[in-house]
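J.: Questions regarding the structure given below will be posed in turn.
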Amino acid sequence: MKLMVPDPDGSEGGQVVDTDVDQARRQLELLSNAASIGASLNVQTTAQRLADLVVPGLGDFANVNLATEIGDGEEPPERTGGGDLALRRTALAPAGRRWPNGYLPVGDDLPRFPNQSVINSFQAGKGFMISGRSHINALYDHNPDMERALIPIGGDHEEVSLLCAPLVTERMHDAIEQPGLLLGSIEVWRRTPFTAADLQLLQWLAAYAAVSIDNARRYTREHRMALALQQSMLPQARAVTTAGETAGIYVPAGAGATGGLGGDWFDVIPLSSARVALVVGEVVGQGVHAAAAMGRMRTAVRTLADLDLEPDELLTHLDDLVIHFAEGHEAPGSSCIYAVVDPTTRRCTVASAGHPPPAIVRPDGAVEYIPLSPGPLLGVGGLAFEVAEVDLRDGDVLALYSDGLIQHPSNDIDRGMAIFRERLAAARPTDGDLYVAASRLVAGFSQDALRDDGTLLLARVHGVRDEDTASWEIPADPAAVAGSRQSAVDRVSEWGLAGLAFATELVVSELVTNAIRYGGGCATLRLIRESDRLTCEVSDPSSTAPHIKRARDTDEGGRGLYIAARLVNRWGVRYTPTGKTIWAEQPLQASELI
């Protein structure tokens, strides 16, 4: 019987070879099943599919060896007229076989071939076949160690045959065919000799598989680039603030997921007056585009957070920005949750745009979800966001997460949240290292089973001690300014911060004077001592914010706020339901740090 086998280079026609009926049937079956090789975008999985395809249809044993650069998504060196081949064992078949002692396992690098003809054949894109133990041993220069490592059929008196084909993928540049890349090789072993039809068939399968392996390599490179870009845009996994300590983890979806690397992100943003913002979000899309969109979203949130907006106001402004982004970039449908923790009042204020509610883990191990009605997804526009407030205790752990961690195979979100609650309780994040607890929690998720990437942000709350704060009610009387100055200086001195007394006196004098003169009512002065800074804030009923002006030489006023701003590290204004608060921060000196 005659069998038409396609040429490996993909040209029309092929070669007609003589074969028997049973062999022809097996070879036709191999050709028809070749499409399964490229079903995965994982390099090792693709190589294993190739090895599994040819065993037992073409031989008893098979191995695939790829250039060491392939696993990292990089291109191997271009083919040249000579030189070493740096190959790594990537797949073996049949899977699960107990291989002879000393045989090279998956993951190990191959030794250099002593026979230059093998290298030349690979670089020329040609396969070869060898039969007979003596010829096989000569191929490896009669080196016993190399024979044990590379020949899967043991015994010097046992017959063995080798069929080998290079994995070469062609390249095009400006419609001009370029020299192909040598990705590696496939070896097929059996005890009976191979035929010309076997070689022709293996070369065709190798050419087909090389395209699939190169596609998987390109995907690996893009996936790594996107992951590196995303990781560079995320904050440090651990952070310590006055409000507590945080630990964040990003878990990309497995290779089998439809979405792959998505746009989940988290952030920890220090705010004024010892407060901290905890943010978790998710943007629509995958790969590099999702990472870039995530970077825009995180930058927008940080910019809005610097304005000290309430959570619902911040999400409203963010919603407008996403609508603007969608005009030429990503589609609407992103989600975000924004929570502000105030360690002086031990209170958390949170709002959500299409994001699941945070969970609280109490020191006794109880886990509860904050009752929160999520607003619409970002980019919808025209709808309001609701705010939820909850009281916290020292040692409580807030858990913010993306929906990838609560997805259930049955698409039952309630069941997914119930399972997540159980995992939170089992991780015991209220005790010990918070990052270890977060890692322990996400370790319970099989990365290959994750249909979407996931993000987890844990925050263990530490309130500001009562002795580290002081506040005074200031009547709307200019005569009260002197008393407020003295009270602030006395308290700063009691705290051992005499070096900040002069600057604090000037700042208090300016802010209290402005509050009495323009605030339209009584004011409140508050000092907060943190581990590395001193915050002075004055609140009044007015919603008019002050502005720094550079006074001219002939002006009689307008210099107070300018001088006060020069004495502090930073200052700002935040609006409240009853008016506004002006705050100013001074860094503690090295001898004053607590």
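If you're wondering about the labels, chains in the structure tokens are A, B, ... by order shown, residues count from 1 in each chain, ligands from 1 in order shown.
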Write out as a list in words each polymer residue whose atoms come within 7 Å of region 274-277 of chain A, counting only C-alpha atoms; drop sequence neighbours fewer than 5 positions from it.
T.: Thr242, Ala243, Val268, Ile269, Tyr338, Ala339, Val340, Val341, Asp342 and Pro343 of chain A
J.: When DSSP works through the backbone of this structure, what residues of region 197-325 of chain A end up as strand (DSSP E or B), shown as number ranges by chain?
T.: A: 238-241, 244-251, 263-270, 276-283
J.: The selected residues should be written to file as a compact mmCIF listing (two decimals), in the first residue's frame (atoms: N, CA, C and O atoms).
T.:
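Wrote out10.txt, looks like this:
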# COMPACT_ATOMS: atom_id res chain seq x y z
N ARG A 238 3.83 44.07 51.74
CA ARG A 238 3.66 44.39 53.16
C ARG A 238 3.75 45.89 53.36
O ARG A 238 4.54 46.57 52.70
N ALA A 239 2.95 46.41 54.27
CA ALA A 239 3.01 47.83 54.62
C ALA A 239 2.59 47.99 56.07
O ALA A 239 1.73 47.25 56.57
N VAL A 240 3.20 48.95 56.74
CA VAL A 240 2.87 49.26 58.13
C VAL A 240 2.54 50.74 58.21
O VAL A 240 3.33 51.59 57.80
N THR A 241 1.35 51.06 58.71
CA THR A 241 0.92 52.44 58.91
C THR A 241 0.44 52.61 60.34
O THR A 241 0.36 51.63 61.11
N GLY A 244 -2.48 50.43 61.12
CA GLY A 244 -2.29 48.99 61.21
C GLY A 244 -1.29 48.49 60.19
O GLY A 244 -0.58 49.26 59.56
N GLU A 245 -1.26 47.18 60.00
CA GLU A 245 -0.38 46.55 59.03
C GLU A 245 -1.21 45.88 57.95
O GLU A 245 -2.33 45.43 58.20
N THR A 246 -0.66 45.83 56.75
CA THR A 246 -1.39 45.26 55.62
C THR A 246 -0.53 44.24 54.90
O THR A 246 0.70 44.27 54.96
N ALA A 247 -1.19 43.33 54.21
CA ALA A 247 -0.52 42.33 53.37
C ALA A 247 -1.40 42.10 52.15
O ALA A 247 -2.60 41.82 52.28
N GLY A 248 -0.81 42.22 50.97
CA GLY A 248 -1.56 42.04 49.73
C GLY A 248 -0.92 40.99 48.85
O GLY A 248 0.31 40.87 48.79
N ILE A 249 -1.74 40.21 48.16
CA ILE A 249 -1.27 39.14 47.27
C ILE A 249 -2.11 39.15 46.01
O ILE A 249 -3.34 39.28 46.06
N TYR A 250 -1.42 39.02 44.88
CA TYR A 250 -2.10 38.86 43.59
C TYR A 250 -1.87 37.45 43.09
O TYR A 250 -0.74 36.96 43.08
N VAL A 251 -2.94 36.77 42.67
CA VAL A 251 -2.85 35.39 42.19
C VAL A 251 -3.36 35.35 40.76
O VAL A 251 -4.56 35.51 40.52
N GLY A 263 -6.79 42.00 35.22
CA GLY A 263 -6.45 43.34 35.68
C GLY A 263 -6.79 43.58 37.13
O GLY A 263 -7.15 44.71 37.51
N ASP A 264 -6.70 42.57 37.99
CA ASP A 264 -6.94 42.76 39.42
C ASP A 264 -5.79 43.54 40.04
O ASP A 264 -4.63 43.37 39.66
N TRP A 265 -6.09 44.37 41.03
CA TRP A 265 -5.05 45.17 41.69
C TRP A 265 -5.50 45.56 43.09
O TRP A 265 -6.67 45.44 43.44
N PHE A 266 -4.55 45.99 43.89
CA PHE A 266 -4.85 46.49 45.24
C PHE A 266 -3.91 47.64 45.54
O PHE A 266 -2.89 47.85 44.88
N ASP A 267 -4.26 48.41 46.56
CA ASP A 267 -3.41 49.54 46.94
C ASP A 267 -3.68 49.89 48.40
O ASP A 267 -4.79 49.66 48.92
N VAL A 268 -2.67 50.43 49.03
CA VAL A 268 -2.75 50.94 50.40
C VAL A 268 -2.26 52.38 50.35
O VAL A 268 -1.09 52.64 50.03
N ILE A 269 -3.14 53.35 50.65
CA ILE A 269 -2.84 54.77 50.45
C ILE A 269 -2.91 55.49 51.79
O ILE A 269 -3.99 55.62 52.38
N PRO A 270 -1.79 55.99 52.31
CA PRO A 270 -1.83 56.80 53.55
C PRO A 270 -2.58 58.11 53.29
O PRO A 270 -2.36 58.79 52.29
N VAL A 276 -5.97 55.69 56.64
CA VAL A 276 -5.42 54.93 55.53
C VAL A 276 -6.57 54.46 54.65
O VAL A 276 -7.66 54.13 55.15
N ALA A 277 -6.35 54.45 53.34
CA ALA A 277 -7.34 53.95 52.38
C ALA A 277 -6.90 52.58 51.89
O ALA A 277 -5.74 52.38 51.54
N LEU A 278 -7.83 51.64 51.87
CA LEU A 278 -7.60 50.29 51.37
C LEU A 278 -8.43 50.14 50.09
O LEU A 278 -9.65 50.38 50.10
N VAL A 279 -7.78 49.73 49.02
CA VAL A 279 -8.45 49.67 47.72
C VAL A 279 -8.18 48.33 47.05
O VAL A 279 -7.04 47.85 47.06
N VAL A 280 -9.21 47.75 46.46
CA VAL A 280 -9.08 46.58 45.59
C VAL A 280 -9.96 46.84 44.37
O VAL A 280 -11.10 47.30 44.50
N GLY A 281 -9.43 46.57 43.20
CA GLY A 281 -10.19 46.81 41.98
C GLY A 281 -9.91 45.77 40.92
O GLY A 281 -9.00 44.93 41.05
N GLU A 282 -10.71 45.81 39.87
CA GLU A 282 -10.55 44.89 38.75
C GLU A 282 -10.97 45.61 37.48
O GLU A 282 -12.05 46.22 37.43
N VAL A 283 -10.13 45.55 36.46
CA VAL A 283 -10.45 46.16 35.18
C VAL A 283 -10.76 45.07 34.16
O VAL A 283 -10.37 43.91 34.33
J.: Would you please give, as a ChimeraX atom specification, all residues of region 108-192 of chain A that DSSP assigns to helix (DSSP H, G or I) based on the backbone?
T.: /A:116-123,133-139,144-150
J.: For the residues selected in the previous step, produce a file with N, CA, C and O atoms as a CSV table (one decimal), in the first residue's frame.
T.:
chain,number,residue,atom,x,y,z
A,116,GLN,N,29.4,15.8,15.9
A,116,GLN,CA,29.1,17.1,15.3
A,116,GLN,C,28.0,16.9,14.1
A,116,GLN,O,27.3,17.8,13.8
A,117,SER,N,28.0,15.7,13.6
A,117,SER,CA,27.0,15.4,12.5
A,117,SER,C,25.5,15.6,13.0
A,117,SER,O,24.7,16.0,12.3
A,118,VAL,N,25.3,15.3,14.3
A,118,VAL,CA,24.0,15.5,14.9
A,118,VAL,C,23.6,17.0,14.9
A,118,VAL,O,22.5,17.4,14.5
A,119,ILE,N,24.6,17.7,15.4
A,119,ILE,CA,24.4,19.2,15.4
A,119,ILE,C,24.2,19.8,14.1
A,119,ILE,O,23.3,20.6,13.8
A,120,ASN,N,25.0,19.3,13.1
A,120,ASN,CA,24.8,19.9,11.7
A,120,ASN,C,23.5,19.5,11.2
A,120,ASN,O,22.8,20.3,10.4
A,121,SER,N,23.0,18.3,11.4
A,121,SER,CA,21.7,17.8,10.9
A,121,SER,C,20.6,18.7,11.5
A,121,SER,O,19.7,19.1,10.8
A,122,PHE,N,20.6,18.9,12.8
A,122,PHE,CA,19.6,19.8,13.5
A,122,PHE,C,19.6,21.2,12.9
A,122,PHE,O,18.6,21.7,12.6
A,123,GLN,N,20.8,21.7,12.7
A,123,GLN,CA,20.9,23.1,12.2
A,123,GLN,C,20.5,23.2,10.8
A,123,GLN,O,20.1,24.3,10.3
A,133,ARG,N,22.5,-1.3,18.1
A,133,ARG,CA,23.2,-0.9,19.3
A,133,ARG,C,24.5,-0.3,19.0
A,133,ARG,O,24.9,0.8,19.6
A,134,SER,N,25.3,-0.9,18.1
A,134,SER,CA,26.7,-0.4,17.9
A,134,SER,C,26.6,1.0,17.3
A,134,SER,O,27.4,1.9,17.6
A,135,HIS,N,25.7,1.3,16.4
A,135,HIS,CA,25.6,2.6,15.7
A,135,HIS,C,25.1,3.6,16.7
A,135,HIS,O,25.6,4.8,16.7
A,136,ILE,N,24.2,3.2,17.6
A,136,ILE,CA,23.7,4.1,18.6
A,136,ILE,C,24.8,4.5,19.6
A,136,ILE,O,25.0,5.7,19.9
A,137,ASN,N,25.6,3.5,20.0
A,137,ASN,CA,26.7,3.8,20.9
A,137,ASN,C,27.7,4.8,20.3
A,137,ASN,O,28.3,5.6,20.9
A,138,ALA,N,27.9,4.5,19.0
A,138,ALA,CA,28.9,5.4,18.3
A,138,ALA,C,28.4,6.9,18.2
A,138,ALA,O,29.2,7.8,18.2
A,139,LEU,N,27.1,7.0,18.1
A,139,LEU,CA,26.5,8.3,18.1
A,139,LEU,C,26.9,9.1,19.3
A,139,LEU,O,27.1,10.4,19.3
A,144,PRO,N,29.8,5.8,28.3
A,144,PRO,CA,28.8,5.1,29.1
A,144,PRO,C,27.8,6.0,29.9
A,144,PRO,O,26.6,5.7,30.0
A,145,ASP,N,28.3,7.1,30.4
A,145,ASP,CA,27.5,8.0,31.2
A,145,ASP,C,26.4,8.6,30.3
A,145,ASP,O,25.3,8.8,30.6
A,146,MET,N,26.9,9.0,29.1
A,146,MET,CA,25.9,9.6,28.1
A,146,MET,C,24.9,8.6,27.6
A,146,MET,O,23.7,8.9,27.4
A,147,GLU,N,25.3,7.4,27.4
A,147,GLU,CA,24.4,6.3,27.0
A,147,GLU,C,23.3,6.1,28.0
A,147,GLU,O,22.2,5.9,27.7
A,148,ARG,N,23.7,6.0,29.3
A,148,ARG,CA,22.7,5.8,30.4
A,148,ARG,C,21.8,7.0,30.5
A,148,ARG,O,20.6,6.8,30.8
A,149,ALA,N,22.3,8.2,30.2
A,149,ALA,CA,21.4,9.4,30.3
A,149,ALA,C,20.5,9.6,29.2
A,149,ALA,O,19.4,10.2,29.3
A,150,LEU,N,20.8,9.1,28.0
A,150,LEU,CA,20.1,9.4,26.8
A,150,LEU,C,19.4,8.3,26.1
A,150,LEU,O,18.6,8.5,25.2
J.: Contacts of Val160 (chain A) at 8 Å or less, counting only C-alpha atoms, minus same-chain residues fewer than 3 places along, as a ChimeraX atom specification?
T.: /A:131-133,136,153,189-193
J.: Would you mind telling me which residue in A:Val461, A:Val350, A:Leu271, A:Ile130 lies nearest to Glu585 (chain A) when using only C-alpha atoms?
T.: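 Closest candidate: A:Leu271.
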J.: What separation in Å, quoted to one decimal, exists between CA of Cys336 (chain A) and CA of Met233 (chain A)?
T.: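 If I compute the distance from CA of Cys336 (chain A) to CA of Met233 (chain A), I get 16.4 Å.
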J.: Which residue gives the smallest distance to Leu181 (chain A) among A:Leu405, A:Ala67, A:Leu392, A:Leu163, with only C-alpha atoms counted?
T.: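 Of A:Leu405, A:Ala67, A:Leu392, A:Leu163, the one nearest Leu181 (chain A) is A:Ala67, counting only C-alpha atoms.
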